[in-house]
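Asks: File follows, structure_14.txt with compact mmCIF, C-alpha atoms and all ligand atoms:
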# COMPACT_ATOMS: atom_id res chain seq x y z
CA MET T 1 0.00 0.00 0.00
CA ALA T 2 1.30 3.51 -0.82
CA LEU T 3 2.86 5.22 2.18
CA SER T 4 0.54 8.17 1.70
CA ASP T 5 -2.49 5.89 2.16
CA LEU T 6 -1.39 4.51 5.53
CA THR T 7 -3.13 5.60 8.72
CA THR T 8 -1.02 7.14 11.49
CA ASP T 9 -1.05 3.82 13.37
CA GLU T 10 -0.01 1.85 10.32
CA LEU T 11 2.76 4.33 9.63
CA THR T 12 4.06 4.06 13.19
CA ARG T 13 4.00 0.26 12.99
CA LEU T 14 5.87 0.27 9.68
CA GLU T 15 8.45 2.70 10.99
CA SER T 16 9.20 0.65 14.09
CA GLN T 17 9.44 -2.52 12.00
CA LEU T 18 11.88 -0.79 9.62
CA ALA T 19 13.83 0.67 12.54
CA SER T 20 14.44 -2.79 14.00
CA GLU T 21 15.47 -4.07 10.60
CA TYR T 22 17.85 -1.13 10.40
CA ASP T 23 19.31 -1.83 13.86
CA ALA T 24 19.92 -5.43 12.89
CA LEU T 25 21.82 -4.20 9.82
CA ALA T 26 24.04 -2.00 11.96
CA ALA T 27 25.15 -5.11 13.85
CA LYS T 28 26.28 -6.77 10.61
CA GLY T 29 29.26 -4.40 10.17
CA LEU T 30 28.75 -3.96 6.42
CA LYS T 31 31.35 -2.16 4.33
CA LEU T 32 29.87 -1.51 0.89
CA ASP T 33 30.59 1.27 -1.58
CA LEU T 34 28.29 2.57 -4.32
CA THR T 35 29.89 6.00 -4.59
CA ARG T 36 31.82 6.21 -7.84
CA GLY T 37 31.20 4.86 -11.30
CA LYS T 38 34.33 2.80 -11.57
CA PRO T 39 34.77 -0.39 -13.61
CA SER T 40 35.05 -3.54 -11.47
CA PRO T 41 38.23 -5.66 -11.37
CA GLU T 42 36.36 -8.19 -13.54
CA GLN T 43 35.83 -5.49 -16.17
CA LEU T 44 39.45 -4.36 -15.97
CA ASP T 45 40.52 -7.97 -16.54
CA LEU T 46 38.81 -7.83 -19.95
CA SER T 47 41.60 -5.50 -21.06
CA GLU T 48 44.51 -7.33 -19.41
CA ARG T 49 46.06 -8.11 -22.83
CA LEU T 50 46.55 -4.37 -23.29
CA LEU T 51 49.35 -4.51 -20.72
CA SER T 52 51.50 -6.43 -23.19
CA LEU T 53 50.74 -4.20 -26.18
CA PRO T 54 52.00 -2.86 -28.50
CA GLY T 55 54.87 -5.16 -27.46
CA GLU T 56 58.57 -5.11 -28.06
CA GLY T 57 59.41 -4.37 -31.71
CA ASP T 58 55.96 -3.01 -32.57
CA HIS T 59 56.29 0.73 -32.56
CA THR T 60 55.43 2.03 -36.00
CA SER T 61 52.03 3.07 -37.26
CA GLY T 62 51.44 4.74 -40.63
CA GLY T 63 55.12 5.69 -40.83
CA THR T 64 55.12 7.25 -37.34
CA ASP T 65 57.54 5.98 -34.74
CA VAL T 66 55.34 6.16 -31.66
CA ARG T 67 58.35 6.16 -29.36
CA ASN T 68 59.29 9.67 -30.37
CA TYR T 69 57.92 13.18 -29.82
CA GLY T 70 55.31 14.71 -32.10
CA GLY T 71 51.94 13.90 -33.61
CA GLY T 72 49.86 16.26 -31.50
CA ALA T 73 46.64 15.17 -33.21
CA GLY T 74 47.20 11.56 -32.16
CA LEU T 75 47.71 8.32 -34.06
CA PRO T 76 45.64 8.21 -37.29
CA GLU T 77 45.02 4.46 -36.87
CA LEU T 78 43.24 4.95 -33.54
CA ARG T 79 41.55 8.19 -34.59
CA ALA T 80 39.95 6.28 -37.48
CA ILE T 81 38.47 3.68 -35.11
CA PHE T 82 36.87 6.27 -32.85
CA ALA T 83 35.79 8.43 -35.79
CA GLU T 84 33.75 5.48 -37.00
CA LEU T 85 32.19 5.02 -33.55
CA LEU T 86 31.33 8.72 -33.37
CA GLY T 87 30.15 8.79 -36.99
CA VAL T 88 32.55 11.53 -38.09
CA ASP T 89 35.49 11.84 -40.51
CA ALA T 90 38.82 10.69 -39.09
CA ASP T 91 40.41 14.09 -39.67
CA ARG T 92 37.79 15.56 -37.36
CA VAL T 93 38.87 13.48 -34.35
CA LEU T 94 41.96 13.98 -32.22
CA ALA T 95 43.36 11.23 -29.97
CA GLN T 96 44.85 12.64 -26.79
CA ASP T 97 46.05 11.48 -23.39
CA ASN T 98 44.39 9.60 -20.59
CA ALA T 99 41.35 11.71 -19.61
CA SER T 100 38.55 13.44 -21.44
CA LEU T 101 38.07 15.51 -18.30
CA SER T 102 41.48 17.07 -18.99
CA ILE T 103 40.35 17.97 -22.51
CA MET T 104 37.21 19.58 -21.10
CA TYR T 105 39.25 21.49 -18.57
CA ASP T 106 41.58 22.66 -21.35
CA LEU T 107 38.68 23.70 -23.58
CA LEU T 108 37.37 25.97 -20.85
CA THR T 109 40.72 27.31 -19.66
CA PHE T 110 41.84 28.06 -23.23
CA SER T 111 38.53 29.89 -23.77
CA MET T 112 39.05 31.81 -20.54
CA LEU T 113 42.63 32.78 -21.29
CA PHE T 114 42.48 33.33 -25.05
CA GLY T 115 38.86 33.21 -26.21
CA THR T 116 37.47 30.78 -28.80
CA PRO T 117 37.75 31.32 -32.58
CA ASP T 118 34.38 33.11 -32.38
CA SER T 119 35.09 35.24 -29.29
CA GLU T 120 35.54 38.99 -29.29
CA ARG T 121 37.83 38.74 -26.28
CA PRO T 122 39.10 36.13 -23.78
CA TRP T 123 36.27 34.98 -21.60
CA LYS T 124 38.12 36.14 -18.49
CA ASP T 125 37.65 39.71 -19.76
CA GLU T 126 33.87 39.38 -19.98
CA PRO T 127 31.98 41.13 -17.20
CA GLN T 128 30.03 37.98 -16.36
CA LEU T 129 30.20 34.30 -17.36
CA ARG T 130 27.38 31.82 -17.05
CA TRP T 131 26.93 28.19 -18.05
CA LEU T 132 23.91 25.94 -18.40
CA CYS T 133 23.94 22.73 -16.39
CA PRO T 134 21.28 20.10 -17.06
CA VAL T 135 20.36 18.60 -13.67
CA PRO T 136 20.87 16.11 -12.29
CA GLY T 137 24.26 16.00 -14.02
CA TYR T 138 27.91 15.03 -13.63
CA ASP T 139 29.57 16.45 -10.54
CA ARG T 140 33.01 16.76 -12.13
CA HIS T 141 31.62 18.90 -14.96
CA PHE T 142 30.23 21.23 -12.35
CA GLY T 143 33.57 21.13 -10.54
CA ILE T 144 35.31 22.57 -13.61
CA THR T 145 32.91 25.45 -14.16
CA GLU T 146 32.87 26.20 -10.43
CA ALA T 147 36.69 26.23 -10.21
CA LEU T 148 36.84 28.72 -13.09
CA GLY T 149 34.32 31.03 -11.46
CA ILE T 150 31.65 30.50 -14.13
CA GLU T 151 28.18 30.88 -12.66
CA MET T 152 26.14 27.73 -13.18
CA ILE T 153 22.46 27.80 -14.09
CA PRO T 154 20.59 24.52 -13.59
CA VAL T 155 18.10 23.39 -16.25
CA PRO T 156 15.93 20.33 -15.67
CA MET T 157 16.78 17.09 -17.47
CA GLY T 158 13.98 14.94 -18.85
CA PRO T 159 14.04 11.44 -20.33
CA ASN T 160 14.92 12.83 -23.80
CA GLY T 161 17.32 15.59 -22.82
CA PRO T 162 17.19 18.96 -21.12
CA ASP T 163 14.14 21.21 -21.03
CA MET T 164 14.75 22.83 -24.41
CA ASP T 165 12.13 25.56 -24.03
CA GLU T 166 14.04 26.77 -20.99
CA VAL T 167 17.45 26.36 -22.69
CA GLU T 168 16.35 28.29 -25.81
CA ARG T 169 14.81 31.05 -23.73
CA LEU T 170 17.92 31.51 -21.56
CA VAL T 171 20.54 31.44 -24.33
CA ALA T 172 18.57 33.78 -26.57
CA GLU T 173 18.41 36.57 -24.05
CA ASP T 174 21.65 36.37 -22.06
CA PRO T 175 25.01 36.92 -23.84
CA SER T 176 26.90 35.98 -20.68
CA ILE T 177 25.73 32.35 -21.09
CA LYS T 178 28.73 30.96 -22.92
CA GLY T 179 27.90 27.31 -23.01
CA MET T 180 26.40 24.17 -21.66
CA TRP T 181 27.36 20.73 -20.37
CA CYS T 182 25.67 17.78 -22.13
CA VAL T 183 26.03 14.01 -21.77
CA PRO T 184 23.90 13.04 -24.76
CA ILE T 185 23.97 9.25 -24.50
CA PHE T 186 23.26 7.32 -21.27
CA SER T 187 23.66 10.52 -19.35
CA ASN T 188 25.27 10.65 -15.92
CA PRO T 189 23.31 10.02 -13.70
CA THR T 190 19.82 9.51 -15.19
CA GLY T 191 20.75 7.35 -18.20
CA ALA T 192 18.69 9.63 -20.45
CA VAL T 193 19.44 9.67 -24.17
CA TYR T 194 18.93 12.92 -26.07
CA ASP T 195 16.41 12.47 -28.88
CA ASP T 196 16.87 13.83 -32.41
CA HIS T 197 14.54 16.74 -31.79
CA THR T 198 16.58 17.88 -28.79
CA VAL T 199 19.84 17.55 -30.74
CA SER T 200 18.40 19.53 -33.61
CA ARG T 201 17.15 22.29 -31.30
CA LEU T 202 20.56 22.51 -29.59
CA ALA T 203 22.26 22.79 -32.98
CA ARG T 204 19.85 25.36 -34.36
CA MET T 205 19.01 27.54 -31.38
CA VAL T 206 19.90 31.20 -31.57
CA THR T 207 22.31 32.25 -28.83
CA ALA T 208 23.01 35.80 -27.68
CA ALA T 209 26.69 34.83 -27.19
CA PRO T 210 28.39 34.48 -30.61
CA ASP T 211 30.91 32.05 -29.10
CA PHE T 212 28.42 29.74 -27.32
CA ARG T 213 29.79 26.21 -26.88
CA VAL T 214 28.20 22.87 -26.07
CA ILE T 215 30.58 20.46 -24.39
CA TRP T 216 29.15 17.25 -25.83
CA ASP T 217 30.52 14.64 -23.46
CA ASN T 218 29.92 11.29 -25.10
CA ALA T 219 31.54 9.39 -22.23
CA TYR T 220 29.05 6.49 -22.57
CA VAL T 221 28.72 6.35 -26.35
CA VAL T 222 29.29 2.57 -26.57
CA HIS T 223 28.41 1.60 -23.00
CA THR T 224 25.26 -0.35 -23.70
CA LEU T 225 23.42 -2.56 -21.20
CA THR T 226 21.47 -4.24 -24.02
CA ASN T 227 22.60 -5.96 -27.20
CA ASP T 228 22.11 -2.79 -29.22
CA PHE T 229 24.30 0.24 -29.56
CA PRO T 230 22.73 3.68 -29.51
CA LYS T 231 22.50 5.80 -32.64
CA VAL T 232 25.14 8.54 -32.41
CA PRO T 233 23.83 11.89 -33.64
CA ASP T 234 26.02 13.70 -36.17
CA VAL T 235 25.98 16.97 -34.26
CA ASP T 236 28.60 18.73 -36.33
CA THR T 237 26.72 18.30 -39.59
CA VAL T 238 23.42 19.40 -38.05
CA ALA T 239 25.11 22.41 -36.44
CA ALA T 240 27.02 23.34 -39.61
CA GLU T 241 23.79 23.20 -41.64
CA ALA T 242 22.22 25.52 -39.09
CA GLY T 243 25.09 28.00 -39.48
CA HIS T 244 26.78 27.12 -36.16
CA PRO T 245 29.74 24.99 -37.28
CA ASN T 246 31.81 25.59 -34.14
CA ARG T 247 29.10 25.00 -31.55
CA PHE T 248 29.81 21.42 -30.46
CA LEU T 249 32.97 20.18 -28.78
CA GLN T 250 32.54 16.42 -28.53
CA VAL T 251 34.69 14.32 -26.21
CA CYS T 252 34.89 10.68 -25.18
CA SER T 253 37.51 8.30 -23.84
CA THR T 254 38.38 4.66 -23.28
CA SER T 255 38.37 5.15 -19.50
CA LYS T 256 35.44 2.78 -19.04
CA ILE T 257 36.34 0.69 -22.08
CA THR T 258 39.89 -0.33 -21.16
CA PHE T 259 41.63 1.11 -18.09
CA ALA T 260 40.13 4.02 -16.16
CA GLY T 261 42.79 6.69 -15.92
CA ALA T 262 45.16 4.89 -18.30
CA GLY T 263 43.22 4.98 -21.55
CA VAL T 264 42.99 7.41 -24.46
CA SER T 265 40.70 10.42 -24.80
CA PHE T 266 39.26 11.97 -27.95
CA LEU T 267 38.06 15.37 -29.13
CA SER T 268 35.88 15.84 -32.20
CA SER T 269 34.74 19.18 -33.56
CA SER T 270 34.94 21.58 -36.51
CA LYS T 271 38.28 22.12 -38.20
CA ALA T 272 38.46 25.66 -36.80
CA ASN T 273 37.93 24.40 -33.24
CA LEU T 274 40.45 21.57 -33.61
CA ASP T 275 43.08 23.93 -35.05
CA TRP T 276 42.43 26.33 -32.17
CA TYR T 277 42.74 23.53 -29.60
CA LEU T 278 45.92 22.11 -31.15
CA GLY T 279 47.41 25.60 -31.30
CA HIS T 280 47.18 25.76 -27.52
CA THR T 281 47.97 22.14 -26.64
CA GLY T 282 51.01 22.38 -28.91
CA VAL T 283 52.39 24.90 -26.44
CA ARG T 284 51.80 22.79 -23.36
CA SER T 285 52.97 19.42 -24.73
CA ILE T 286 55.15 18.02 -27.54
CA GLY T 287 52.57 15.37 -28.25
CA PRO T 288 50.37 12.78 -26.53
CA ASN T 289 51.29 9.26 -25.42
CA LYS T 290 51.28 7.52 -28.81
CA VAL T 291 52.63 4.27 -27.39
CA ASN T 292 49.41 3.86 -25.42
CA GLN T 293 47.42 4.91 -28.49
CA LEU T 294 49.11 2.21 -30.58
CA ALA T 295 48.47 -0.33 -27.81
CA HIS T 296 44.77 0.57 -27.98
CA ALA T 297 44.71 0.38 -31.78
CA ARG T 298 46.27 -3.09 -31.66
CA PHE T 299 43.95 -4.18 -28.85
CA PHE T 300 40.73 -3.17 -30.64
CA GLY T 301 41.74 -3.79 -34.28
CA ASP T 302 38.75 -1.84 -35.57
CA ALA T 303 35.47 -0.24 -34.47
CA ASP T 304 33.76 -3.63 -34.34
CA GLY T 305 36.50 -4.74 -31.96
CA VAL T 306 35.41 -1.95 -29.60
CA ARG T 307 31.78 -2.99 -29.90
CA GLU T 308 32.56 -6.66 -29.21
CA HIS T 309 34.62 -5.62 -26.21
CA MET T 310 31.73 -3.52 -24.89
CA LEU T 311 29.38 -6.49 -25.14
CA ARG T 312 31.74 -8.34 -22.80
CA HIS T 313 31.52 -5.40 -20.39
CA ARG T 314 27.76 -5.64 -20.73
CA GLU T 315 27.84 -9.27 -19.57
CA SER T 316 29.51 -8.15 -16.37
CA VAL T 317 27.59 -4.92 -15.76
CA ALA T 318 24.03 -5.64 -16.91
CA PRO T 319 23.30 -8.23 -14.18
CA LYS T 320 24.27 -5.66 -11.55
CA PHE T 321 21.81 -3.14 -12.96
CA GLU T 322 19.13 -5.81 -13.22
CA THR T 323 19.73 -6.83 -9.61
CA ALA T 324 19.68 -3.22 -8.45
CA ASN T 325 16.43 -2.65 -10.29
CA ALA T 326 14.89 -5.85 -8.92
CA VAL T 327 15.80 -5.05 -5.30
CA LEU T 328 14.56 -1.47 -5.53
CA THR T 329 11.35 -2.62 -7.20
CA SER T 330 10.59 -5.37 -4.71
CA ARG T 331 11.34 -3.19 -1.67
CA LEU T 332 9.97 0.15 -2.76
CA ASP T 333 7.40 -0.18 -5.51
CA GLU T 334 4.35 -0.76 -3.31
CA TYR T 335 5.03 2.30 -1.14
CA GLY T 336 5.17 4.86 -3.96
CA ILE T 337 8.00 6.78 -2.29
CA ALA T 338 10.72 6.53 -4.91
CA SER T 339 11.21 6.48 -8.64
CA TRP T 340 14.07 5.66 -10.96
CA ALA T 341 14.49 4.80 -14.61
CA MET T 342 16.25 1.56 -15.46
CA PRO T 343 18.89 2.82 -17.93
CA GLU T 344 19.77 1.03 -21.16
CA GLY T 345 23.41 1.99 -20.81
CA GLY T 346 25.95 3.99 -18.85
CA TYR T 347 27.07 3.61 -15.26
CA PHE T 348 24.39 5.01 -12.97
CA ILE T 349 20.88 4.89 -11.59
CA ASP T 350 19.33 8.13 -10.42
CA LEU T 351 17.11 7.28 -7.45
CA GLU T 352 14.52 9.94 -6.68
CA VAL T 353 13.26 9.70 -3.12
CA VAL T 354 10.67 11.72 -1.19
CA ASP T 355 11.53 15.43 -1.27
CA GLY T 356 13.71 16.44 1.63
CA THR T 357 14.92 12.89 2.41
CA ALA T 358 17.92 12.28 0.12
CA THR T 359 20.47 13.60 2.63
CA GLU T 360 18.90 11.60 5.43
CA THR T 361 18.81 8.43 3.30
CA VAL T 362 22.52 8.80 2.50
CA ARG T 363 23.28 9.44 6.20
CA LEU T 364 21.31 6.40 7.34
CA ALA T 365 23.08 4.20 4.78
CA LYS T 366 26.49 5.48 5.84
CA GLU T 367 25.77 4.71 9.50
CA VAL T 368 25.29 1.04 8.62
CA GLY T 369 28.33 0.84 6.35
CA VAL T 370 27.01 1.63 2.87
CA ALA T 371 28.78 4.58 1.24
CA LEU T 372 26.72 6.55 -1.31
CA THR T 373 27.56 9.68 -3.31
CA PRO T 374 26.60 12.68 -1.16
CA ALA T 375 23.06 13.85 -1.83
CA GLY T 376 23.16 16.97 -3.98
CA SER T 377 26.39 16.03 -5.76
CA ALA T 378 24.57 15.83 -9.10
CA TYR T 379 23.73 19.53 -8.78
CA PRO T 380 25.84 22.66 -9.25
CA TYR T 381 27.36 23.75 -5.92
CA GLY T 382 26.11 20.44 -4.44
CA ASN T 383 22.69 21.97 -4.03
CA ASP T 384 19.70 19.81 -4.94
CA PRO T 385 16.94 22.25 -3.95
CA ASP T 386 14.46 19.42 -3.40
CA ASP T 387 16.96 17.14 -1.66
CA ARG T 388 15.58 14.34 -3.80
CA HIS T 389 18.29 12.72 -5.96
CA ILE T 390 20.69 9.93 -5.02
CA ARG T 391 23.17 8.69 -7.60
CA LEU T 392 23.74 4.96 -7.38
CA ALA T 393 26.78 3.42 -9.05
CA PRO T 394 26.44 -0.39 -9.18
CA THR T 395 29.41 -1.33 -11.39
CA LEU T 396 32.32 -1.62 -8.96
CA PRO T 397 31.19 -4.07 -6.23
CA PRO T 398 30.59 -7.78 -6.92
CA LEU T 399 27.00 -8.75 -7.68
CA ALA T 400 26.24 -10.04 -4.16
CA GLU T 401 27.41 -6.75 -2.68
CA VAL T 402 25.29 -4.75 -5.12
CA GLU T 403 22.29 -6.73 -3.96
CA ALA T 404 23.10 -6.21 -0.28
CA ALA T 405 23.84 -2.51 -0.76
CA MET T 406 20.63 -1.87 -2.71
CA ASP T 407 18.66 -3.55 0.03
CA VAL T 408 20.15 -1.10 2.52
CA VAL T 409 19.51 1.88 0.22
CA ALA T 410 15.87 0.87 -0.19
CA LEU T 411 15.41 0.33 3.54
CA CYS T 412 17.00 3.70 4.37
CA ALA T 413 14.92 5.54 1.75
CA LEU T 414 11.77 3.98 3.14
CA LEU T 415 12.70 4.68 6.75
CA ALA T 416 13.51 8.30 5.92
CA ALA T 417 10.20 8.61 4.04
CA CYS T 418 8.27 7.18 7.00
CA ARG T 419 9.90 9.58 9.42
CA ALA T 420 9.28 12.53 7.10
CA ALA T 421 5.62 11.52 6.81
CA GLY T 422 5.16 10.89 10.53
N1 LIG H 1 32.34 12.30 -18.43
C1 LIG H 1 31.37 11.67 -17.76
C2 LIG H 1 29.94 11.99 -18.06
C3 LIG H 1 31.68 10.73 -16.77
O1 LIG H 1 30.70 10.13 -16.10
C4 LIG H 1 33.04 10.45 -16.50
C5 LIG H 1 33.42 9.50 -15.45
O2 LIG H 1 32.63 9.09 -14.63
C6 LIG H 1 34.02 11.14 -17.22
C7 LIG H 1 33.64 12.06 -18.19
C8 LIG H 1 35.48 10.94 -16.96
O3 LIG H 1 36.11 10.61 -18.14
P1 LIG H 1 37.67 10.53 -18.27
O4 LIG H 1 38.16 9.38 -17.46
O5 LIG H 1 37.91 10.35 -19.73
O6 LIG H 1 38.25 11.83 -17.77
What does the file become when written as structure tokens?
Ligand code: PLP

Replies:
Amino acid sequence: MALSDLTTDELTRLESQLASEYDALAAKGLKLDLTRGKPSPEQLDLSERLLSLPGEGDHTSGGTDVRNYGGGAGLPELRAIFAELLGVDADRVLAQDNASLSIMYDLLTFSMLFGTPDSERPWKDEPQLRWLCPVPGYDRHFGITEALGIEMIPVPMGPNGPDMDEVERLVAEDPSIKGMWCVPIFSNPTGAVYDDHTVSRLARMVTAAPDFRVIWDNAYVVHTLTNDFPKVPDVDTVAAEAGHPNRFLQVCSTSKITFAGAGVSFLSSSKANLDWYLGHTGVRSIGPNKVNQLAHARFFGDADGVREHMLRHRESVAPKFETANAVLTSRLDEYGIASWAMPEGGYFIDLEVVDGTATETVRLAKEVGVALTPAGSAYPYGNDPDDRHIRLAPTLPPLAEVEAAMDVVALCALLAACRAAG
């Protein structure tokens, strides 16, 4: 029966029953962690062969000796593989070092210090800088804009992308809004996939800032939980047709394909944007780690090699999501106090609990040994105004631990809801 339909007596009985269940859990001394979206050791093992690649004597690709300096754009062989996955021409993709987050940080710092190809002046010389942040979103995106002193404006995310009426209205009237974070496929943390209409509106919308940029973070472009891979929108073509060829800066990486923190990252955009980016990175480095890029090219072989590899990840990850979904459904469904969408890809589940109880749910879970991402972390400045969202990351722990941890999360959400209702 829904919690809201219970009488005061029934509510009190349920609460005391849950409280004793909770006390029994405390005695178990659990130590479970659902905080960060990291690959599990089992997933990392899928790429173990990479540690022996490219291998002694294998150091040349397309006439380039990968052991030496140079090649700022990255190894053509690997760029071609990821260009195919992103659906763009190989000369429109750069292969870089180990983290797409570093590319994103560079894109914003270069814009701050020097301006973009479309800027009248460096962004740091603008009187005010603002940035749109679909919420809930990725905490590390918000960390970058916050560190650079760019004011963040939340816009609500829906199942098919951000609220585009709101986005169009804001960017049309405010020239200080210089850009927007987007995770278009299996978004962090809701798993939402932007639909074609949203992509088209983002590409076409009129912005008051002439140098408006969308950081198109395709971190989960091949991270399917089903047997199908998502369609990847060709944002550059749509934007170029709309007269905004430099709008999108697309990034992705192999962090959750091979080794997190030791993979290869990619940037795809217009020629003008790539030339601008390379002009600046060419000052800070004499070229990326091409040995690791060659190792990745050898490991994958081609784009289908990446897809096959991701289906092996799926075998490891999908059961954890299914278990998480099953536990949450069996424990919470009847009470009507929480909602979540079972994603078809990516690394997270966004659990929405009763307003005002996310922080308390996370606290209760922590007290009995289950670590969750702090409530509010999916919002700019850590501020979820409704205190409603909890980001669950089921990939890292073994399946049995995911099950145990989800049981605790569900119990804590229900207990917090009961107390809030009582
Ligand atoms: N972008 C998103 C949306 C992520 O969720 C993550 C990691 O969780 C990253 C980027 C980090 O990527 P990288 O390891 O390439 O810096």

Asks: Give one line per residue of chain T that approaches ligand LIG 1 (chain H) to at most 7 Å, naming the two atoms of the closest pair and their distance in Å to one decimal, counting only C-alpha atoms and all ligand atoms; sort by chain then ascending residue number and deliver it as a tab-separated table.

Replies:
residue	atom	partner	partner_atom	distance
T:Gly37	CA	H:LIG1	O2	5.6
T:Asn98	CA	H:LIG1	O5	6.6
T:Ala99	CA	H:LIG1	O6	3.6
T:Ser100	CA	H:LIG1	O5	3.6
T:Leu101	CA	H:LIG1	O6	3.7
T:Ser102	CA	H:LIG1	O6	6.3
T:Tyr138	CA	H:LIG1	C2	5.7
T:Val183	CA	H:LIG1	C2	5.8
T:Ser187	CA	H:LIG1	C2	6.6
T:Asn188	CA	H:LIG1	C2	5.3
T:Asp217	CA	H:LIG1	N1	5.8
T:Ala219	CA	H:LIG1	N1	4.9
T:Cys252	CA	H:LIG1	O5	6.2
T:Ser253	CA	H:LIG1	O5	4.6
T:Thr254	CA	H:LIG1	O5	6.7
T:Ser255	CA	H:LIG1	O4	4.7
T:Ala260	CA	H:LIG1	O4	5.9
T:Gly261	CA	H:LIG1	O4	5.6
T:Ser265	CA	H:LIG1	O5	5.8

Asks: Could those selected residues go to a file with C-alpha atoms, as a PDB file, in the frame of the given file?

Replies:
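In the end it all went to again_34.pdb:
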ATOM      1  CA  GLY T  37      31.200   4.860 -11.300  1.00  0.00           C
ATOM      2  CA  ASN T  98      44.390   9.600 -20.590  1.00  0.00           C
ATOM      3  CA  ALA T  99      41.350  11.710 -19.610  1.00  0.00           C
ATOM      4  CA  SER T 100      38.550  13.440 -21.440  1.00  0.00           C
ATOM      5  CA  LEU T 101      38.070  15.510 -18.300  1.00  0.00           C
ATOM      6  CA  SER T 102      41.480  17.070 -18.990  1.00  0.00           C
ATOM      7  CA  TYR T 138      27.910  15.030 -13.630  1.00  0.00           C
ATOM      8  CA  VAL T 183      26.030  14.010 -21.770  1.00  0.00           C
ATOM      9  CA  SER T 187      23.660  10.520 -19.350  1.00  0.00           C
ATOM     10  CA  ASN T 188      25.270  10.650 -15.920  1.00  0.00           C
ATOM     11  CA  ASP T 217      30.520  14.640 -23.460  1.00  0.00           C
ATOM     12  CA  ALA T 219      31.540   9.390 -22.230  1.00  0.00           C
ATOM     13  CA  CYS T 252      34.890  10.680 -25.180  1.00  0.00           C
ATOM     14  CA  SER T 253      37.510   8.300 -23.840  1.00  0.00           C
ATOM     15  CA  THR T 254      38.380   4.660 -23.280  1.00  0.00           C
ATOM     16  CA  SER T 255      38.370   5.150 -19.500  1.00  0.00           C
ATOM     17  CA  ALA T 260      40.130   4.020 -16.160  1.00  0.00           C
ATOM     18  CA  GLY T 261      42.790   6.690 -15.920  1.00  0.00           C
ATOM     19  CA  SER T 265      40.700  10.420 -24.800  1.00  0.00           C
TER      20      SER T 265
END

Asks: Between T:Arg247, T:Ala413, T:Asp407, T:Gly263, single out the one closest to T:Gly336, counting only C-alpha atoms.

Replies: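 The shortest atom-to-atom distance to T:Gly336 comes from T:Ala413.
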
Asks: Restricting the calculation to all atoms listed in the file: of T:Thr198, T:Ser316, T:Ser176, T:Gln250, which residue gets closest to T:His223?

Replies: T:Ser316

Asks: Just how far from atom CA of T:Cys418 is atom CA of T:Leu14, in Å to one decimal?

Replies: 7.8 Å

Asks: Can you work out the spacing between atom CA of T:Ser330 and atom CA of T:Ala410 in Å, to one decimal?

Replies: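 Atom CA of T:Ser330 sits 9.3 Å away from atom CA of T:Ala410.
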
Asks: For the interface of stretch 12-130 of chain T with stretch 348-366 of chain T (cut-off 12 Å, counting all atoms listed in the file), please tabulate each contacting residue of stretch 12-130 of chain T alongside its nearest pair of atoms and their separation in Å to one decimal, rows sorted by chain and increasing number, as a tab-separated table.

Replies:
residue	atom	partner	partner_atom	distance
T:Ala19	CA	T:Leu364	CA	10.8
T:Tyr22	CA	T:Leu364	CA	8.8
T:Asp23	CA	T:Leu364	CA	10.7
T:Leu25	CA	T:Ala365	CA	9.9
T:Ala26	CA	T:Ala365	CA	9.5
T:Gly29	CA	T:Lys366	CA	11.1
T:Leu30	CA	T:Lys366	CA	9.7
T:Lys31	CA	T:Lys366	CA	9.2
T:Leu32	CA	T:Lys366	CA	9.2
T:Asp33	CA	T:Lys366	CA	9.5
T:Leu34	CA	T:Phe348	CA	9.8
T:Thr35	CA	T:Phe348	CA	10.1
T:Arg36	CA	T:Phe348	CA	9.1
T:Gly37	CA	T:Phe348	CA	7.0
T:Lys38	CA	T:Phe348	CA	10.3
T:Pro39	CA	T:Phe348	CA	11.7

Asks: Which is closer to T:Leu225 than all the others in T:Val135, T:Ala2, T:Ala371, T:Met342, using only C-alpha atoms?

Replies: T:Met342

Asks: Of the candidates T:Pro385, T:Gly279, T:Gly62, T:Gly305, which one gets nearest to T:Thr116 if we count all atoms listed in the file?

Replies: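 Smallest separation from T:Thr116 among the options: T:Gly279.
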
Asks: Considering all atoms listed in the file, can you say which of T:Ala209, T:Gly345, T:Ala242, T:Thr258 comes closest to T:Asn292?

Replies: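 Residue with the minimum atom-to-atom distance to T:Asn292: T:Thr258.
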
Asks: Please export stretch 367-372 of chain T as a compact mmCIF listing (two decimals), in the first residue's frame, restricted to N, CA and C atoms.

Replies:
# COMPACT_ATOMS: atom_id res chain seq x y z
N GLU T 367 25.70 5.19 8.10
CA GLU T 367 25.77 4.71 9.50
C GLU T 367 25.83 3.18 9.58
N VAL T 368 25.24 2.51 8.58
CA VAL T 368 25.29 1.04 8.62
C VAL T 368 26.29 0.49 7.59
N GLY T 369 27.21 1.34 7.15
CA GLY T 369 28.33 0.84 6.35
C GLY T 369 28.13 0.82 4.85
N VAL T 370 27.15 1.56 4.33
CA VAL T 370 27.01 1.63 2.87
C VAL T 370 27.28 3.07 2.41
N ALA T 371 28.38 3.23 1.68
CA ALA T 371 28.78 4.58 1.24
C ALA T 371 28.07 4.91 -0.07
N LEU T 372 27.38 6.06 -0.09
CA LEU T 372 26.72 6.55 -1.31
C LEU T 372 27.29 7.91 -1.65
